[in-house]
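Next comes data.txt, with compact mmCIF, C-alpha atoms and all ligand atoms.
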```txt
# COMPACT_ATOMS: atom_id res chain seq x y z
CA MET A 1 -35.58 0.70 -2.29
CA GLY A 2 -38.05 2.30 0.01
CA THR A 3 -40.49 2.63 -2.84
CA ARG A 4 -42.34 -0.65 -2.64
CA GLN A 5 -45.33 -1.51 -0.60
CA GLY A 6 -44.30 -4.47 1.47
CA LEU A 7 -45.35 -6.13 4.64
CA ARG A 8 -42.79 -5.72 7.37
CA HIS A 9 -42.85 -8.31 10.10
CA GLU A 10 -42.24 -7.38 13.71
CA TRP A 11 -39.43 -8.84 15.75
CA ALA A 12 -41.91 -9.85 18.45
CA ASP A 13 -43.75 -12.11 15.96
CA LEU A 14 -40.68 -14.23 15.10
CA PRO A 15 -40.66 -17.89 16.23
CA ASP A 16 -38.95 -18.52 19.57
CA ASP A 17 -36.41 -20.97 18.10
CA LEU A 18 -35.31 -18.36 15.58
CA VAL A 19 -34.87 -15.73 18.29
CA SER A 20 -32.87 -18.23 20.38
CA ALA A 21 -30.53 -18.84 17.42
CA VAL A 22 -29.97 -15.08 17.17
CA VAL A 23 -29.41 -14.74 20.91
CA ALA A 24 -26.66 -17.36 20.58
CA HIS A 25 -24.79 -14.70 18.55
CA THR A 26 -25.86 -11.49 20.21
CA GLY A 27 -26.43 -12.35 23.84
CA PRO A 28 -29.68 -11.34 25.53
CA ILE A 29 -31.83 -8.90 23.53
CA GLU A 30 -33.10 -6.07 25.69
CA ARG A 31 -35.33 -4.49 23.09
CA ALA A 32 -36.09 -4.51 19.36
CA ASP A 33 -37.13 -1.44 17.36
CA ALA A 34 -38.49 -1.79 13.84
CA VAL A 35 -36.87 0.55 11.32
CA PRO A 36 -39.75 2.43 9.72
CA ALA A 37 -38.08 3.47 6.44
CA GLY A 38 -37.56 0.87 3.74
CA TYR A 39 -39.86 -1.85 2.56
CA SER A 40 -37.91 -4.29 0.45
CA SER A 41 -36.91 -6.54 3.30
CA GLN A 42 -39.51 -8.28 5.38
CA LEU A 43 -37.74 -7.50 8.62
CA ALA A 44 -35.56 -4.52 9.54
CA SER A 45 -34.93 -3.94 13.22
CA THR A 46 -32.37 -2.59 15.58
CA LEU A 47 -31.68 -4.90 18.50
CA ASP A 48 -30.36 -3.52 21.73
CA THR A 49 -28.22 -6.13 23.37
CA ALA A 50 -25.91 -6.22 26.35
CA ASN A 51 -23.06 -6.14 23.80
CA GLY A 52 -24.40 -3.07 22.01
CA PRO A 53 -26.83 -2.46 19.14
CA VAL A 54 -27.12 -4.73 16.08
CA PHE A 55 -29.08 -4.09 12.88
CA VAL A 56 -31.01 -7.10 11.57
CA LYS A 57 -32.35 -7.49 8.07
CA GLY A 58 -34.48 -10.50 7.27
CA MET A 59 -36.32 -12.23 4.46
CA ARG A 60 -38.58 -15.25 4.61
CA LEU A 61 -37.15 -18.15 2.62
CA ASP A 62 -40.39 -18.45 0.62
CA HIS A 63 -40.12 -14.82 -0.59
CA PRO A 64 -39.31 -14.57 -4.32
CA ASN A 65 -36.52 -12.08 -3.50
CA SER A 66 -34.98 -14.02 -0.62
CA GLY A 67 -31.77 -14.34 -2.70
CA THR A 68 -31.01 -10.72 -1.82
CA GLN A 69 -29.65 -12.01 1.49
CA ASP A 70 -27.03 -14.10 -0.36
CA VAL A 71 -25.95 -11.05 -2.34
CA GLU A 72 -25.61 -8.87 0.76
CA ALA A 73 -23.73 -11.55 2.68
CA ALA A 74 -21.35 -12.20 -0.22
CA ILE A 75 -20.55 -8.58 -1.04
CA ALA A 76 -20.30 -7.12 2.48
CA PRO A 77 -16.73 -8.32 3.24
CA HIS A 78 -15.55 -6.39 0.16
CA LEU A 79 -17.16 -3.12 1.22
CA THR A 80 -15.67 -2.25 4.58
CA PRO A 81 -15.42 0.36 5.91
CA LEU A 82 -17.96 2.07 3.62
CA ALA A 83 -20.65 -0.50 4.39
CA PRO A 84 -21.42 -2.18 7.71
CA LYS A 85 -19.87 -5.57 8.51
CA VAL A 86 -22.06 -8.66 8.53
CA LEU A 87 -21.68 -10.10 12.03
CA TRP A 88 -23.72 -13.30 11.66
CA ARG A 89 -26.35 -15.05 9.60
CA VAL A 90 -29.12 -17.25 10.94
CA VAL A 91 -31.23 -19.39 8.61
CA ALA A 92 -33.95 -21.15 10.58
CA GLU A 93 -37.70 -21.48 10.99
CA GLY A 94 -38.37 -20.29 7.44
CA TRP A 95 -36.31 -17.11 7.88
CA ASP A 96 -32.95 -15.82 6.66
CA LEU A 97 -31.58 -13.14 9.01
CA LEU A 98 -28.40 -11.10 8.62
CA GLY A 99 -26.95 -9.26 11.60
CA PHE A 100 -25.05 -6.11 10.66
CA GLU A 101 -22.81 -3.79 12.56
CA HIS A 102 -25.15 -1.01 13.70
CA ILE A 103 -24.49 2.46 12.29
CA ALA A 104 -25.49 5.40 14.45
CA GLY A 105 -26.68 7.94 11.94
CA ARG A 106 -29.52 9.17 9.80
CA GLY A 107 -30.49 9.01 6.14
CA ALA A 108 -29.28 11.82 3.87
CA SER A 109 -31.38 14.73 2.65
CA TYR A 110 -31.04 15.45 -1.07
CA ALA A 111 -33.08 18.66 -0.92
CA PRO A 112 -31.66 21.71 -2.73
CA GLY A 113 -29.26 23.47 -0.35
CA SER A 114 -28.95 20.44 1.93
CA PRO A 115 -25.62 20.39 3.77
CA ASP A 116 -25.62 16.60 3.26
CA LEU A 117 -24.97 16.82 -0.48
CA PRO A 118 -21.14 17.07 -0.30
CA LEU A 119 -21.08 14.04 2.01
CA VAL A 120 -23.20 12.11 -0.47
CA VAL A 121 -20.66 13.01 -3.16
CA ASP A 122 -17.99 11.55 -0.85
CA GLY A 123 -20.01 8.36 -0.37
CA ILE A 124 -20.59 7.83 -4.08
CA THR A 125 -16.92 8.62 -4.75
CA ALA A 126 -15.93 6.03 -2.13
CA VAL A 127 -17.95 3.31 -3.88
CA GLY A 128 -16.01 4.06 -7.04
CA ARG A 129 -12.75 3.31 -5.24
CA ILE A 130 -13.78 -0.21 -4.22
CA ALA A 131 -12.48 -2.95 -6.49
CA CYS A 132 -15.27 -5.06 -7.93
CA PRO A 133 -14.56 -8.56 -6.53
CA GLU A 134 -14.09 -11.35 -9.09
CA SER A 135 -15.12 -13.98 -6.58
CA VAL A 136 -18.69 -12.71 -6.17
CA ARG A 137 -21.36 -13.13 -8.84
CA ILE A 138 -22.62 -9.64 -9.54
CA LYS A 139 -25.25 -8.54 -12.09
CA LYS A 140 -23.93 -6.62 -15.08
CA ALA A 141 -25.09 -3.11 -15.90
CA ARG A 142 -25.57 -3.92 -19.56
CA THR A 143 -28.02 -6.70 -18.76
CA ARG A 144 -29.82 -4.82 -15.99
CA TRP A 145 -30.55 -1.72 -18.04
CA GLY A 146 -30.09 -2.93 -21.62
CA ARG A 147 -33.53 -4.50 -21.57
CA PHE A 148 -35.00 -1.01 -21.28
CA LEU A 149 -33.38 0.26 -24.47
CA ASP A 150 -34.82 0.05 -27.99
CA TYR A 151 -31.55 -1.65 -28.96
CA PRO A 152 -30.26 -3.58 -25.94
CA ALA A 153 -26.84 -3.82 -27.58
CA ASP A 154 -26.51 -0.06 -26.99
CA ALA A 155 -26.11 -0.90 -23.31
CA ALA A 156 -22.49 -1.74 -24.09
CA ALA A 157 -22.11 1.94 -23.17
CA PHE A 158 -22.98 1.03 -19.54
CA ALA A 159 -20.40 -1.74 -19.25
CA GLY A 160 -17.35 -1.51 -17.03
CA ASP A 161 -15.54 -3.14 -14.16
CA ALA A 162 -16.52 -0.73 -11.43
CA LEU A 163 -18.58 -1.65 -8.41
CA VAL A 164 -21.93 0.13 -8.59
CA HIS A 165 -24.38 0.36 -5.67
CA SER A 166 -27.22 1.58 -7.93
CA ASP A 167 -29.90 2.23 -5.28
CA MET A 168 -29.43 5.88 -4.39
CA ASN A 169 -32.46 6.07 -2.10
CA PRO A 170 -31.37 8.68 0.49
CA GLY A 171 -32.13 6.18 3.25
CA ASN A 172 -29.26 4.07 1.97
CA LEU A 173 -26.67 6.80 2.64
CA LEU A 174 -26.29 7.13 6.38
CA LEU A 175 -24.62 10.22 7.76
CA THR A 176 -22.96 9.22 10.97
CA VAL A 177 -22.85 11.05 14.26
CA THR A 178 -19.11 11.49 13.70
CA GLY A 179 -19.67 13.36 10.41
CA GLY A 180 -18.90 10.53 8.00
CA VAL A 181 -20.97 8.69 5.42
CA ARG A 182 -21.74 4.95 5.24
CA MET A 183 -23.74 3.07 2.63
CA VAL A 184 -26.24 0.30 3.33
CA ASP A 185 -28.65 -1.85 1.31
CA TRP A 186 -26.51 -3.57 -1.33
CA PRO A 187 -28.75 -6.24 -2.94
CA LEU A 188 -28.79 -4.34 -6.24
CA VAL A 189 -24.98 -4.15 -6.43
CA THR A 190 -23.94 -4.20 -10.10
CA ARG A 191 -20.76 -4.40 -12.18
CA GLY A 192 -20.60 -1.57 -14.67
CA ALA A 193 -19.29 1.82 -15.66
CA ALA A 194 -17.96 3.89 -12.77
CA TRP A 195 -20.26 6.88 -13.49
CA ILE A 196 -23.49 4.89 -13.03
CA ASP A 197 -24.00 5.64 -9.33
CA ALA A 198 -23.71 9.38 -9.96
CA ALA A 199 -26.19 8.98 -12.83
CA CYS A 200 -28.63 7.05 -10.63
CA TRP A 201 -28.27 9.86 -8.09
CA VAL A 202 -29.41 12.43 -10.68
CA VAL A 203 -32.87 10.86 -10.73
CA TRP A 204 -33.16 11.07 -6.93
CA LEU A 205 -31.90 14.68 -6.96
CA VAL A 206 -34.55 15.70 -9.50
CA TYR A 207 -37.14 13.81 -7.43
CA SER A 208 -35.90 15.81 -4.41
CA GLY A 209 -36.48 19.18 -6.09
CA HIS A 210 -33.37 19.97 -8.16
CA PRO A 211 -33.89 20.97 -11.79
CA PRO A 212 -32.09 18.45 -14.03
CA HIS A 213 -29.18 20.76 -14.87
CA ALA A 214 -28.55 21.42 -11.15
CA ALA A 215 -28.81 17.70 -10.41
CA GLU A 216 -26.16 17.01 -13.04
CA GLN A 217 -23.93 19.67 -11.50
CA TRP A 218 -24.02 17.78 -8.20
CA ALA A 219 -23.41 14.47 -9.95
CA SER A 220 -20.44 16.01 -11.76
CA ARG A 221 -18.68 16.42 -8.41
CA VAL A 222 -18.23 12.65 -8.39
CA PRO A 223 -14.91 12.22 -10.24
CA SER A 224 -16.07 9.32 -12.43
CA TRP A 225 -18.84 11.49 -13.92
CA ALA A 226 -16.17 13.04 -16.12
CA ASP A 227 -15.59 9.62 -17.74
CA ALA A 228 -19.20 9.36 -18.88
CA ASP A 229 -19.69 9.68 -22.61
CA PRO A 230 -22.62 12.11 -23.15
CA ASP A 231 -24.26 9.58 -25.48
CA ALA A 232 -24.04 6.95 -22.75
CA LEU A 233 -25.70 9.34 -20.30
CA ASP A 234 -28.47 10.05 -22.81
CA LEU A 235 -29.17 6.35 -23.11
CA PHE A 236 -28.91 5.83 -19.37
CA ALA A 237 -31.50 8.55 -18.73
CA VAL A 238 -33.87 6.72 -21.09
CA ALA A 239 -33.11 3.37 -19.44
CA GLN A 240 -33.73 4.90 -16.00
CA THR A 241 -37.10 6.29 -17.10
CA ARG A 242 -38.20 2.90 -18.38
CA TYR A 243 -36.75 1.14 -15.34
CA TRP A 244 -38.79 3.39 -13.03
CA GLN A 245 -41.83 2.84 -15.24
CA ALA A 246 -41.39 -0.90 -14.68
CA ILE A 247 -41.22 -0.26 -10.92
CA VAL A 248 -44.42 1.80 -11.19
CA ASP A 249 -46.10 -1.05 -13.07
CA ALA A 250 -45.16 -3.42 -10.25
CA HIS A 251 -45.73 -1.02 -7.33
CA THR A 252 -47.85 2.00 -8.16
CA ASN A 253 -47.56 4.69 -5.52
CA ARG A 254 -46.74 8.37 -5.29
CA VAL A 255 -43.04 7.78 -4.71
CA THR A 256 -42.50 5.43 -7.64
CA MET A 257 -44.56 7.65 -9.94
CA ALA A 258 -42.59 10.74 -8.89
CA LEU A 259 -39.29 8.92 -9.49
CA ARG A 260 -40.47 7.91 -12.93
CA THR A 261 -41.39 11.53 -13.64
CA ALA A 262 -38.00 12.70 -12.34
CA ALA A 263 -36.17 10.26 -14.62
CA SER A 264 -38.20 11.35 -17.64
CA ARG A 265 -37.50 15.03 -16.86
CA TRP A 266 -33.81 14.20 -16.85
CA ALA A 267 -34.09 12.34 -20.16
CA LEU A 268 -36.01 15.25 -21.73
CA HIS A 269 -33.38 17.66 -20.43
CA ARG A 270 -30.81 15.57 -22.28
CA GLY A 271 -32.83 15.84 -25.48
CA MET A 272 -34.17 12.31 -25.32
CA TRP A 273 -37.80 11.30 -25.65
CA PRO A 274 -38.04 8.36 -23.23
N1 LIG A 301 -26.28 -1.28 9.57
C1 LIG A 301 -27.25 -0.40 9.84
N2 LIG A 301 -27.24 0.31 10.98
C2 LIG A 301 -28.23 1.18 11.27
N3 LIG A 301 -29.29 1.41 10.47
C3 LIG A 301 -29.36 0.72 9.32
C4 LIG A 301 -28.35 -0.21 8.94
N4 LIG A 301 -28.69 -0.73 7.74
C5 LIG A 301 -29.84 -0.15 7.39
N5 LIG A 301 -30.26 0.72 8.32
C6 LIG A 301 -31.49 1.54 8.31
O1 LIG A 301 -32.58 0.72 7.94
C7 LIG A 301 -33.20 1.18 6.74
C8 LIG A 301 -33.60 -0.03 5.92
O2 LIG A 301 -32.44 -0.78 5.60
P1 LIG A 301 -32.17 -1.21 4.11
O3 LIG A 301 -32.23 -0.01 3.26
O4 LIG A 301 -30.92 -1.99 4.06
O5 LIG A 301 -33.39 -2.17 3.91
P2 LIG A 301 -34.48 -2.38 2.80
O6 LIG A 301 -35.68 -2.95 3.40
O7 LIG A 301 -33.84 -3.15 1.71
O8 LIG A 301 -34.80 -0.95 2.37
P3 LIG A 301 -35.36 -0.46 1.03
O9 LIG A 301 -36.81 -0.41 1.17
O10 LIG A 301 -34.68 0.86 0.96
O11 LIG A 301 -34.89 -1.42 -0.03
C9 LIG A 301 -32.14 2.05 6.08
O12 LIG A 301 -32.73 3.03 5.27
C10 LIG A 301 -31.43 2.65 7.28
O13 LIG A 301 -32.15 3.76 7.77
MG MG A 302 -32.89 0.93 1.64
```

Translate this structure into structure tokens?
Amino acid sequence: MGTRQGLRHEWADLPDDLVSAVVAHTGPIERADAVPAGYSSQLASTLDTANGPVFVKGMRLDHPNSGTQDVEAAIAPHLTPLAPKVLWRVVAEGWDLLGFEHIAGRGASYAPGSPDLPLVVDGITAVGRIACPESVRIKKARTRWGRFLDYPADAAAFAGDALVHSDMNPGNLLLTVTGGVRMVDWPLVTRGAAWIDAACWVVWLVYSGHPPHAAEQWASRVPSWADADPDALDLFAVAQTRYWQAIVDAHTNRVTMALRTAASRWALHRGMWP
């Protein structure tokens, strides 16, 4: 989620046999550029090939989170055209690599007054229109966030059958050169109430400089926000604060601490004491 300290590997350091297996899919690779933003995956690079650019995301098989590759590979076919297509997967030499359709664009800015904000609303609205596939095992919102509530059973308020992206890091919303919005980075995809993505966005908006009431006004432009029971939002703001606290405990840095503070400001604004 761009908030963790992780060690990115360089394309040039990958074993030759692994690169050959990729070349079998892509054709000759002319150059590889590491993507600087984002730290969850151990490899993130754009490959320039004779057949055009490809985005590669990789995890080592011995990484405790290597299962994120399975989630991304399984969900991607259900997400087009909002998310990039998975073109190939190579598991070899201790690595699990996914090749994605390359998106020419840049990450969104959530700053107050940013012209990107309406496009972000469109992106979050588009997620809400995707049917949550029955055939893919997806984490449930009530389990993911219920453990952060005093009474986990209260997380029934987060349940639903909508597809939820849940990682509203602005680097995950790519604004394309043609003026559209695409969403990447789906390992935290969740089944839950349709308003959850807008609610996750509130935390990032506050982190980006919006007062909580203004952040909620932006979130309310996502149609599903209107379905959110205010009590459910109160609980979700508390769950978000404690979720971000858990991320701080695991990865203490300025970004995670500021997100935790943003979430708690939202909860306080809603009259909760997280
Ligand atoms: N298909 C794509 N085409 C072009 N750029 C992409 C593509 N997918 C991701 N990116 C870029 O690479 C960055 C990292 O990708 P992604 O967010 O999927 O990886 P991550 O390591 O899981 O990141 P994070 O640290 O946010 O969890 C994105 O923020 C985006 O800028
Ligand atoms: Mg990301």

- All residues within 12 Å of ligand MG 302 (chain A) are required, counting all atoms listed in the file; please report them as a ChimeraX atom specification. /A:1-4,35-44,57,107-108,165-174,183-188

Selected residues written out with C-alpha atoms, as a compact mmCIF listing (two decimals), keeping the file's coordinate frame:
```txt
# COMPACT_ATOMS: atom_id res chain seq x y z
CA MET A 1 -35.58 0.70 -2.29
CA GLY A 2 -38.05 2.30 0.01
CA THR A 3 -40.49 2.63 -2.84
CA ARG A 4 -42.34 -0.65 -2.64
CA VAL A 35 -36.87 0.55 11.32
CA PRO A 36 -39.75 2.43 9.72
CA ALA A 37 -38.08 3.47 6.44
CA GLY A 38 -37.56 0.87 3.74
CA TYR A 39 -39.86 -1.85 2.56
CA SER A 40 -37.91 -4.29 0.45
CA SER A 41 -36.91 -6.54 3.30
CA GLN A 42 -39.51 -8.28 5.38
CA LEU A 43 -37.74 -7.50 8.62
CA ALA A 44 -35.56 -4.52 9.54
CA LYS A 57 -32.35 -7.49 8.07
CA GLY A 107 -30.49 9.01 6.14
CA ALA A 108 -29.28 11.82 3.87
CA HIS A 165 -24.38 0.36 -5.67
CA SER A 166 -27.22 1.58 -7.93
CA ASP A 167 -29.90 2.23 -5.28
CA MET A 168 -29.43 5.88 -4.39
CA ASN A 169 -32.46 6.07 -2.10
CA PRO A 170 -31.37 8.68 0.49
CA GLY A 171 -32.13 6.18 3.25
CA ASN A 172 -29.26 4.07 1.97
CA LEU A 173 -26.67 6.80 2.64
CA LEU A 174 -26.29 7.13 6.38
CA MET A 183 -23.74 3.07 2.63
CA VAL A 184 -26.24 0.30 3.33
CA ASP A 185 -28.65 -1.85 1.31
CA TRP A 186 -26.51 -3.57 -1.33
CA PRO A 187 -28.75 -6.24 -2.94
CA LEU A 188 -28.79 -4.34 -6.24
```

- Note on the structure: Between A:Phe148, A:Trp95, A:Trp88, A:Phe100, smallest distance to ligand LIG 301 (chain A) by only C-alpha atoms and all ligand atoms belongs to A:Phe100

Listed atoms of region 262-266 of chain A, axis-aligned box, 8 Å per side: centre and edge lengths to one decimal in Å, as lines of an AutoDock Vina configuration file?
```
center_x = -36.0
center_y = 12.6
center_z = -15.0
size_x = 20.4
size_y = 20.8
size_z = 21.3
```

- Message: Quick one: residues within 6 Å of Ala262 (chain A), only C-alpha atoms, excluding same-chain residues fewer than 4 positions away - as a count of residues only?
- Response: 3

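Rounded to one decimal, CA of Leu268 (chain A) and CA of His210 (chain A) lie 14.6 Å from each other.
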
- Task: Name all residues at most 7 Å from region 45-54 of chain A (count all atoms listed in the file; drop same-chain ones fewer than 5 positions away) and give them as a VMD selection string.
- Result: chain A and resid 26 to 35 99 to 102

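Between CA of Asp116 (chain A) and CA of Thr256 (chain A) the interatomic distance comes to 23.0 Å.
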
- With distances taken over all atoms listed in the file, which of A:Ala263, A:Leu235, A:Leu61, A:Val91 is nearest to Pro152 (chain A)?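 The closest residue to Pro152 (chain A) is A:Leu235.
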
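CA of Val71 (chain A) lies 23.9 Å from CA of Ala156 (chain A).
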
- Closest of A:Arg182, A:Ala159, A:Pro15, A:Gly128 to ligand LIG 301 (chain A) - atom-to-atom distances counting only C-alpha atoms and all ligand atoms: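 Ranking A:Arg182, A:Ala159, A:Pro15, A:Gly128 by distance to ligand LIG 301 (chain A), first place goes to A:Arg182.
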
- Would you mind listing what lies within 10 Å of Pro223 (chain A) as a VMD selection string, with all atoms listed in the file counted and same-chain residues fewer than 5 positions away left out? chain A and resid 121 to 122 124 to 125 128 194 to 195 198

- Message: Using only C-alpha atoms and all ligand atoms for the distances, tell me which of A:Lys140, A:Arg254, A:His78, A:Lys85 is nearest to ligand LIG 301 (chain A).
- Response: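 For ligand LIG 301 (chain A), the nearest of the candidates is A:Lys85.
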
- Message: List as a PyMOL selection string the protein and nucleic acid residues near Leu82 (chain A), meaning an atom at most 8 Å away when all atoms listed in the file are counted, but skip any in the same chain fewer than 3 places from it.
- Response: chain A and resi 79+123+126-127+181-183

- From the list A:Arg144, A:Arg137, A:Arg106, A:Arg242, which residue is nearest ligand LIG 301 (chain A) when using only C-alpha atoms and all ligand atoms? A:Arg106

- Query: Using all atoms listed in the file, which residue out of A:Gly113, A:Gly209, A:Gly146, A:Pro81 lies closest to ligand LIG 301 (chain A)?
  - Reply: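 Of A:Gly113, A:Gly209, A:Gly146, A:Pro81, the one nearest ligand LIG 301 (chain A) is A:Pro81, counting all atoms listed in the file.
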